[in-house]
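Source file model28.txt; content: compact mmCIF, C-alpha atoms and all ligand atoms.
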# COMPACT_ATOMS: atom_id res chain seq x y z
CA MET A 10 -28.55 -5.62 3.44
CA ARG A 11 -27.82 -2.17 4.92
CA ALA A 12 -25.97 0.92 3.71
CA ALA A 13 -22.47 1.46 5.11
CA ARG A 14 -19.62 3.92 4.67
CA ALA A 15 -15.94 3.14 5.31
CA VAL A 16 -12.79 5.24 5.35
CA ALA A 17 -9.35 3.68 4.89
CA HIS A 18 -5.99 5.46 4.65
CA THR A 19 -3.28 4.55 2.19
CA ASN A 20 0.00 2.99 3.28
CA ILE A 21 3.59 2.95 2.09
CA ALA A 22 5.68 -0.20 2.40
CA LEU A 23 8.87 0.30 4.41
CA ILE A 24 9.77 -3.34 3.60
CA LYS A 25 8.38 -4.13 0.15
CA TYR A 26 6.05 -6.70 -1.35
CA TRP A 27 6.82 -7.66 -4.95
CA GLY A 28 5.73 -11.00 -6.42
CA LYS A 29 3.12 -13.67 -5.77
CA ARG A 30 3.54 -17.16 -4.46
CA PRO A 31 2.09 -19.96 -6.60
CA GLY A 32 -1.57 -20.75 -6.10
CA ASP A 33 -5.03 -19.58 -7.03
CA PRO A 34 -4.56 -16.16 -8.70
CA ASP A 35 -7.88 -15.01 -7.21
CA GLN A 36 -6.36 -15.48 -3.73
CA ASN A 37 -3.57 -13.03 -4.66
CA LEU A 38 -0.98 -14.59 -2.36
CA PRO A 39 2.22 -12.56 -1.88
CA ALA A 40 5.61 -14.26 -2.31
CA VAL A 41 7.04 -12.16 0.52
CA GLY A 42 5.76 -10.46 3.64
CA SER A 43 5.78 -6.67 3.95
CA LEU A 44 5.82 -3.97 6.57
CA SER A 45 4.11 -0.62 6.11
CA LEU A 46 3.27 2.76 7.53
CA THR A 47 -0.32 3.95 7.17
CA LEU A 48 -0.50 7.66 6.34
CA GLU A 49 -2.76 10.42 7.58
CA ARG A 50 -5.07 12.33 5.17
CA LEU A 51 -4.52 10.21 2.03
CA ARG A 52 -7.63 8.08 2.05
CA SER A 53 -10.53 6.47 0.23
CA GLU A 54 -14.12 6.94 1.40
CA THR A 55 -16.50 4.31 0.09
CA THR A 56 -20.25 3.87 0.49
CA VAL A 57 -22.02 0.61 -0.32
CA ARG A 58 -25.83 0.70 -0.51
CA PRO A 59 -28.50 -1.66 -1.77
CA GLY A 60 -29.09 -0.80 -5.45
CA GLU A 61 -31.45 -1.81 -8.23
CA ARG A 62 -28.41 -3.05 -10.14
CA ASP A 63 -24.64 -2.89 -9.59
CA SER A 64 -23.17 0.56 -10.08
CA PHE A 65 -19.83 2.15 -9.24
CA GLN A 66 -18.75 5.78 -9.22
CA LEU A 67 -15.23 6.96 -8.43
CA ASP A 68 -14.96 10.66 -7.67
CA GLY A 69 -18.34 11.14 -9.36
CA HIS A 70 -17.41 9.35 -12.60
CA SER A 71 -18.19 5.85 -13.81
CA ASP A 72 -15.40 3.64 -15.16
CA PRO A 73 -16.41 0.23 -16.59
CA ALA A 74 -13.00 -1.43 -16.00
CA ALA A 75 -12.94 -0.33 -12.36
CA ALA A 76 -16.63 -1.28 -11.96
CA ALA A 77 -15.88 -4.87 -13.01
CA LYS A 78 -13.10 -5.11 -10.39
CA VAL A 79 -15.40 -3.69 -7.74
CA ALA A 80 -18.18 -6.17 -8.63
CA ARG A 81 -15.71 -9.07 -8.47
CA HIS A 82 -14.56 -7.91 -5.04
CA LEU A 83 -18.14 -7.53 -3.76
CA ASP A 84 -18.68 -11.15 -4.86
CA ARG A 85 -15.66 -12.27 -2.79
CA VAL A 86 -16.90 -10.49 0.32
CA TRP A 87 -20.45 -11.80 -0.12
CA ARG A 88 -19.36 -15.39 -0.84
CA SER A 89 -17.15 -15.50 2.24
CA ALA A 90 -20.39 -15.96 4.20
CA ASN A 91 -23.28 -16.57 1.78
CA PRO A 92 -23.93 -19.34 -0.72
CA GLY A 93 -26.72 -17.59 -2.63
CA PRO A 94 -26.67 -14.72 -5.14
CA ARG A 95 -25.34 -11.36 -4.02
CA PRO A 96 -27.76 -8.42 -3.83
CA PRO A 97 -27.01 -5.61 -6.32
CA CYS A 98 -24.96 -2.76 -4.82
CA ALA A 99 -24.55 0.94 -5.50
CA VAL A 100 -20.95 1.81 -4.66
CA ASP A 101 -19.64 5.37 -4.42
CA SER A 102 -16.00 6.06 -3.72
CA THR A 103 -14.01 9.24 -3.26
CA ASN A 104 -10.23 9.31 -3.23
CA HIS A 105 -8.58 12.00 -1.14
CA LEU A 106 -5.15 11.71 -2.68
CA PRO A 107 -2.59 14.45 -3.39
CA THR A 108 -3.18 17.06 -6.08
CA ALA A 109 -0.43 15.68 -8.35
CA ALA A 110 -1.84 12.43 -9.73
CA GLY A 111 -0.09 9.07 -9.84
CA LEU A 112 -0.10 7.82 -6.25
CA ALA A 113 -1.54 4.34 -5.90
CA SER A 114 -5.05 4.22 -4.50
CA SER A 115 -5.67 0.47 -4.64
CA ALA A 116 -4.49 -0.01 -1.03
CA SER A 117 -6.94 2.44 0.53
CA GLY A 118 -9.58 1.72 -2.13
CA PHE A 119 -9.86 -2.04 -1.59
CA ALA A 120 -9.53 -1.69 2.19
CA ALA A 121 -12.45 0.76 2.30
CA LEU A 122 -14.52 -1.31 -0.14
CA THR A 123 -13.96 -4.50 1.87
CA LEU A 124 -14.91 -2.85 5.15
CA ALA A 125 -17.98 -1.06 3.76
CA ALA A 126 -19.22 -4.17 1.89
CA ALA A 127 -18.81 -6.47 4.91
CA ALA A 128 -20.78 -4.02 7.06
CA ALA A 129 -23.44 -3.54 4.38
CA PHE A 130 -23.84 -7.32 4.06
CA GLU A 131 -24.02 -7.50 7.88
CA LEU A 132 -21.14 -9.98 8.07
CA ASP A 133 -19.57 -10.66 11.43
CA LEU A 134 -15.87 -10.73 10.45
CA ASP A 135 -12.90 -9.68 12.55
CA ARG A 136 -10.26 -7.30 11.15
CA GLY A 137 -7.90 -10.16 10.34
CA ALA A 138 -10.50 -11.86 8.17
CA LEU A 139 -11.30 -8.50 6.53
CA SER A 140 -7.58 -8.00 5.87
CA ALA A 141 -7.39 -11.42 4.13
CA LEU A 142 -10.37 -10.42 1.98
CA ALA A 143 -8.89 -7.01 1.15
CA ARG A 144 -5.66 -8.78 0.07
CA ARG A 145 -7.59 -10.51 -2.71
CA GLY A 146 -8.43 -7.09 -4.16
CA SER A 147 -4.84 -5.85 -3.83
CA GLY A 148 -1.99 -7.12 -1.65
CA SER A 149 -1.16 -3.71 -0.20
CA ALA A 150 -4.85 -3.22 0.76
CA ALA A 151 -4.52 -5.94 3.41
CA ARG A 152 -2.30 -3.50 5.35
CA SER A 153 -4.67 -0.51 5.20
CA LEU A 154 -7.15 -1.96 7.71
CA TRP A 155 -4.97 -0.55 10.49
CA GLY A 156 -3.25 2.72 11.26
CA GLY A 157 0.38 3.09 12.28
CA PHE A 158 2.86 0.29 11.54
CA VAL A 159 1.49 -2.91 10.03
CA ARG A 160 2.98 -6.24 8.96
CA LEU A 161 1.51 -8.51 6.30
CA GLY A 162 2.74 -12.08 6.67
CA ARG A 163 3.39 -14.16 3.59
CA GLY A 164 1.32 -17.03 4.96
CA GLU A 165 1.62 -20.68 3.98
CA ARG A 166 -1.92 -21.92 3.36
CA ALA A 167 -3.27 -22.33 -0.16
CA ASP A 168 -6.61 -20.80 0.86
CA GLY A 169 -4.87 -17.62 2.04
CA ALA A 170 -6.57 -17.70 5.46
CA ASP A 171 -3.25 -17.11 7.27
CA CYS A 172 -2.17 -14.41 4.84
CA ARG A 173 -3.51 -11.38 6.64
CA ALA A 174 -1.95 -8.29 8.08
CA ARG A 175 -1.65 -7.46 11.77
CA PRO A 176 -0.96 -4.18 13.51
CA LEU A 177 2.55 -3.98 14.99
CA PHE A 178 2.45 -0.52 16.58
CA PRO A 179 -0.21 2.20 16.60
CA ALA A 180 0.31 5.56 14.93
CA ASP A 181 1.45 7.19 18.18
CA HIS A 182 4.21 4.62 18.77
CA TRP A 183 6.67 6.77 16.84
CA ASP A 184 6.10 10.27 15.51
CA LEU A 185 7.77 10.10 12.11
CA ARG A 186 7.11 11.97 8.87
CA LEU A 187 6.92 10.59 5.38
CA LEU A 188 7.49 13.12 2.60
CA VAL A 189 5.93 12.20 -0.73
CA VAL A 190 8.02 13.84 -3.46
CA HIS A 191 6.05 14.02 -6.72
CA THR A 192 8.29 13.73 -9.75
CA ALA A 193 5.71 13.15 -12.52
CA LYS A 194 2.04 13.51 -13.35
CA GLY A 195 -0.29 10.88 -14.76
CA PRO A 196 -0.64 7.12 -14.28
CA LYS A 197 2.25 4.65 -14.32
CA PRO A 198 2.85 2.66 -17.53
CA ILE A 199 2.80 -0.88 -16.06
CA GLY A 200 0.66 -1.80 -13.07
CA SER A 201 2.12 -3.69 -10.11
CA THR A 202 0.25 -6.94 -10.78
CA ASP A 203 1.61 -7.28 -14.33
CA GLY A 204 5.06 -6.02 -13.36
CA MET A 205 5.38 -8.60 -10.57
CA GLN A 206 4.44 -11.40 -12.91
CA ARG A 207 7.05 -10.27 -15.39
CA SER A 208 9.74 -10.10 -12.70
CA ALA A 209 8.90 -13.59 -11.42
CA ASP A 210 9.01 -14.95 -14.98
CA THR A 211 12.20 -13.29 -16.21
CA SER A 212 14.34 -11.54 -13.57
CA PRO A 213 17.37 -13.62 -12.53
CA TYR A 214 17.36 -11.63 -9.28
CA TYR A 215 13.79 -12.59 -8.35
CA PRO A 216 14.77 -15.72 -6.35
CA ALA A 217 17.34 -13.70 -4.38
CA TRP A 218 14.75 -10.99 -3.76
CA VAL A 219 12.32 -13.54 -2.30
CA ALA A 220 15.02 -15.41 -0.33
CA THR A 221 16.32 -12.30 1.47
CA SER A 222 13.02 -10.64 2.30
CA GLU A 223 12.22 -12.40 5.58
CA ALA A 224 15.47 -11.18 7.14
CA ASP A 225 14.60 -7.60 6.15
CA LEU A 226 11.19 -7.94 7.80
CA GLU A 227 12.77 -9.07 11.05
CA ARG A 228 15.29 -6.22 10.99
CA GLY A 229 12.53 -3.76 10.17
CA GLU A 230 10.27 -4.92 12.97
CA ARG A 231 13.13 -4.78 15.49
CA ALA A 232 14.09 -1.26 14.38
CA LEU A 233 10.48 -0.16 14.82
CA ALA A 234 10.29 -1.68 18.30
CA ASP A 235 13.53 0.13 19.24
CA ARG A 236 12.52 3.36 17.46
CA ASP A 237 15.94 3.20 15.81
CA LEU A 238 15.69 5.41 12.72
CA ALA A 239 19.19 4.62 11.41
CA ALA A 240 18.47 0.88 11.54
CA LEU A 241 15.00 1.27 10.03
CA GLY A 242 16.29 3.60 7.30
CA ALA A 243 19.11 1.22 6.36
CA VAL A 244 16.85 -1.81 5.92
CA MET A 245 14.11 0.26 4.26
CA GLU A 246 16.54 1.53 1.60
CA HIS A 247 17.99 -1.94 1.14
CA SER A 248 14.53 -3.48 0.58
CA CYS A 249 13.62 -0.73 -1.89
CA PHE A 250 16.81 -0.98 -3.95
CA LYS A 251 16.71 -4.76 -4.03
CA MET A 252 13.15 -4.59 -5.39
CA HIS A 253 14.21 -2.05 -8.02
CA ALA A 254 17.27 -4.16 -8.95
CA CYS A 255 14.90 -7.09 -9.48
CA MET A 256 12.67 -4.83 -11.62
CA LEU A 257 15.63 -3.55 -13.68
CA ALA A 258 16.73 -7.12 -14.43
CA THR A 259 13.22 -8.03 -15.65
CA VAL A 260 12.88 -8.63 -19.41
CA PRO A 261 11.93 -6.19 -20.83
CA PRO A 262 13.21 -3.96 -17.99
CA LEU A 263 10.82 -2.36 -15.55
CA ILE A 264 12.13 1.14 -14.97
CA TYR A 265 9.61 3.06 -12.92
CA TRP A 266 11.96 5.99 -12.25
CA ASN A 267 12.62 9.13 -14.24
CA GLY A 268 15.57 11.53 -14.04
CA THR A 269 13.92 13.56 -11.30
CA THR A 270 13.41 10.42 -9.19
CA LEU A 271 17.16 9.87 -9.16
CA ALA A 272 17.89 13.56 -8.55
CA ALA A 273 15.55 13.50 -5.53
CA ILE A 274 17.23 10.37 -4.14
CA HIS A 275 20.63 12.04 -4.44
CA GLU A 276 19.28 15.15 -2.75
CA VAL A 277 18.13 13.07 0.24
CA TRP A 278 21.56 11.46 0.50
CA ALA A 279 23.26 14.87 0.23
CA ALA A 280 21.01 16.16 3.01
CA ARG A 281 21.87 13.12 5.11
CA ARG A 282 25.59 13.73 4.66
CA ALA A 283 24.93 17.29 5.79
CA GLY A 284 23.37 16.02 9.03
CA LEU A 285 19.64 15.91 8.09
CA GLU A 286 18.85 12.29 8.83
CA ALA A 287 16.46 10.98 6.15
CA TYR A 288 15.96 7.79 4.16
CA VAL A 289 14.34 7.06 0.80
CA THR A 290 11.99 4.50 -0.61
CA SER A 291 10.02 4.28 -3.87
CA ASP A 292 7.36 1.96 -5.28
CA ALA A 293 6.18 0.94 -8.74
CA GLY A 294 6.18 4.54 -9.87
CA PRO A 295 8.44 7.58 -10.16
CA HIS A 296 7.71 9.28 -6.83
CA VAL A 297 10.17 9.30 -3.96
CA LYS A 298 9.12 8.84 -0.35
CA VAL A 299 11.35 10.11 2.41
CA LEU A 300 11.27 9.04 6.05
CA CYS A 301 12.48 11.45 8.71
CA ARG A 302 11.85 12.93 12.15
CA PRO A 303 9.15 15.64 12.39
CA ASP A 304 11.59 18.42 13.31
CA LEU A 305 13.54 17.96 10.05
CA ALA A 306 10.53 17.57 7.74
CA ALA A 307 10.11 21.24 6.75
CA GLU A 308 13.78 21.75 5.87
CA LEU A 309 13.93 18.50 3.90
CA ALA A 310 10.67 19.30 2.08
CA ALA A 311 12.06 22.69 1.05
CA ARG A 312 15.28 21.13 -0.25
CA LEU A 313 13.34 18.52 -2.22
CA ALA A 314 10.84 21.05 -3.62
CA ALA A 315 13.84 22.92 -5.06
CA VAL A 316 15.05 19.89 -7.07
CA PRO A 317 14.33 20.66 -10.77
CA GLY A 318 11.38 18.53 -11.96
CA VAL A 319 9.77 18.07 -8.54
CA HIS A 320 6.09 19.08 -8.74
CA ALA A 321 5.10 18.95 -5.10
CA VAL A 322 6.12 17.60 -1.72
CA ASP A 323 3.51 16.37 0.77
CA THR A 324 4.43 15.89 4.42
CA LEU A 325 2.46 13.16 6.17
CA ALA A 326 2.32 11.82 9.71
CA PRO A 327 1.28 8.26 10.66
CA GLY A 328 -2.42 7.73 10.02
CA PRO A 329 -5.36 6.05 11.81
CA ASP A 330 -7.19 2.71 11.63
CA ALA A 331 -9.75 2.22 8.90
CA ARG A 332 -13.28 2.84 10.22
CA VAL A 333 -16.80 2.01 9.19
CA GLU A 334 -20.31 3.16 10.07
CA LEU A 335 -23.78 1.95 9.18
CA LEU A 336 -25.92 4.57 7.47
CA PRO A 337 -29.66 5.08 8.04
C1 LIG B 1 5.72 -1.76 -5.09
O1 LIG B 1 -0.58 -4.22 -3.77
O2 LIG B 1 -0.53 -2.82 -5.86
O3 LIG B 1 3.86 -0.84 -3.93
O4 LIG B 1 -1.48 -7.19 -5.05
O5 LIG B 1 -1.06 -7.02 -7.49
O6 LIG B 1 -2.64 -5.41 -6.39
P1 LIG B 1 -1.41 -6.28 -6.24
O7 LIG B 1 -0.18 -5.29 -6.03
P2 LIG B 1 -0.03 -3.99 -5.12
O8 LIG B 1 1.56 -3.95 -5.08
C2 LIG B 1 2.29 -3.08 -4.27
C3 LIG B 1 3.72 -3.11 -4.68
C4 LIG B 1 4.58 -2.03 -4.10
C5 LIG B 1 5.22 -2.46 -2.78
C6 LIG B 1 4.28 -2.54 -1.59
O9 LIG B 1 3.35 -1.73 -1.45
O10 LIG B 1 4.54 -3.43 -0.75
Show how you would write the structure in this file as structure tokens.
Amino acid sequence: MRAARAVAHTNIALIKYWGKRPGDPDQNLPAVGSLSLTLERLRSETTVRPGERDSFQLDGHSDPAAAAKVARHLDRVWRSANPGPRPPCAVDSTNHLPTAAGLASSASGFAALTLAAAAAFELDLDRGALSALARRGSGSAARSLWGGFVRLGRGERADGADCRARPLFPADHWDLRLLVVHTAKGPKPIGSTDGMQRSADTSPYYPAWVATSEADLERGERALADRDLAALGAVMEHSCFKMHACMLATVPPLIYWNGTTLAAIHEVWAARRAGLEAYVTSDAGPHVKVLCRPDLAAELAARLAAVPGVHAVDTLAPGPDARVELLP
């Protein structure tokens, strides 16, 4: 075993993933495909070294619950190529995420951990295989192996081998901006994994959500190929609001938004009516993400920062591939 350090950037789904298909829960198989944009700056940096026993530090602190998840994921990576016992690992991770807390870090976190662990264990895996492994840590992590625009296929196989992301277009394909509008501080009440399960079990809209997702993916990919912002924005908003409709119809309801979330969405639509072309999306949390051209980003960010309740607005360009290096 060696020591290795990996850096992976977070991503935001333009066409959403919500729900798992039946199968081994440890495979974490998504019910629908998804299409994402990897972001610059927002990233996890993870070092995996040989240790005397397993240890995990996140931003300099230990967290037993997170450490157990990390150990389970190290086991997956190790067992993908080795029958015997895994060597103990010292894992250190730093999240470079925005000042206002509450943005998901599992995508960049599991992508960086997968890449660093595979290098540390000296495994010869291609990015696709690494993406399938990262998916088992968190579905969205499968997409963070690449920069730019990435598609995660739903896959069909029970062993998940065909459920891996692939890069559609590199970061420089289309110079867009994603504004992250922070509307709350602190962690979200219900994590994605539990929320998805609840939606699948109780939301009458869940089957419709799953049935209509493939068409959205096709429309999204075509809009990206054509660099057609109006087409991409329309299908991105549709995917987002369908997912939230499915969440709202879950029992008990999953309402991830607050009043400021809705105010920010209305502000984007008001700006659009006034000629500032921009489109919204939001995930399993209260923040609003806004897609626009670079030349409109500053004006839109200023308008959104002025919405009462908005804490901060970050402006982000498309980000790079995840990378890894062996350490001496
Ligand atoms: C709403 O990838 O966090 O952000 O696979 O259970 O870890 P698990 O879920 P996760 O879910 C992301 C859900 C989403 C939409 C998306 O990113 O596609």
At most 6 Å from ligand LIG 1 (chain B) (only C-alpha atoms and all ligand atoms): residue list as a list in words =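 Checking only C-alpha atoms and all ligand atoms against ligand LIG 1 (chain B) at 6 Å gives Ile21, Ala22, Lys25, Tyr26, Trp27, Ser43, Ser147, Gly148, Ser149, Ser201, Thr202, Asp292 and Ala293 of chain A.
With all atoms listed in the file as the basis for measurement, A:Asp63 is the residue among A:Ser114, A:Asp63, A:Pro196, A:Ser212 that approaches Arg95 of chain A most closely.
Minimum atom-to-atom distances from A:Val260, A:Cys249, A:Ala315, A:Ala240 to Pro213 of chain A were compared using only C-alpha atoms, and the lowest value belongs to A:Val260.
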Smallest atom-to-atom distance to Arg207 of chain A: which of A:Pro262, A:Arg58, A:Ala234, A:Leu51, using all atoms listed in the file?
->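 Ranked by minimum distance to Arg207 of chain A, first place goes to A:Pro262.
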Straight-line distance linking atom CA of His70 of chain A with atom CA of Cys98 of chain A, stated in Å to one decimal = 16.3 Å
Quote the spacing between atom CA of Ala232 of chain A and atom CA of Ala283 of chain A in Å to one decimal place.
->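 Between atom CA of Ala232 of chain A and atom CA of Ala283 of chain A the gap works out to 23.1 Å.
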Rank A:Val316, A:Val100, A:Ala307, A:Ala141 by their smallest atom-to-atom distance to His275 of chain A, using all atoms listed in the file, and report the top residue only.
->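 Of all the options, A:Val316 lies closest to His275 of chain A.
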How far is it from atom CA of Leu185 of chain A to atom CA of Tyr265 of chain A, in Å with one decimal?
-> 26.1 Å
Might you pull out every residue within 7 Å of Pro39 of chain A, with all atoms listed in the file counted and same-chain residues fewer than 4 positions away left off, and present them as number ranges by chain?
-> A: 28-30, 148, 163
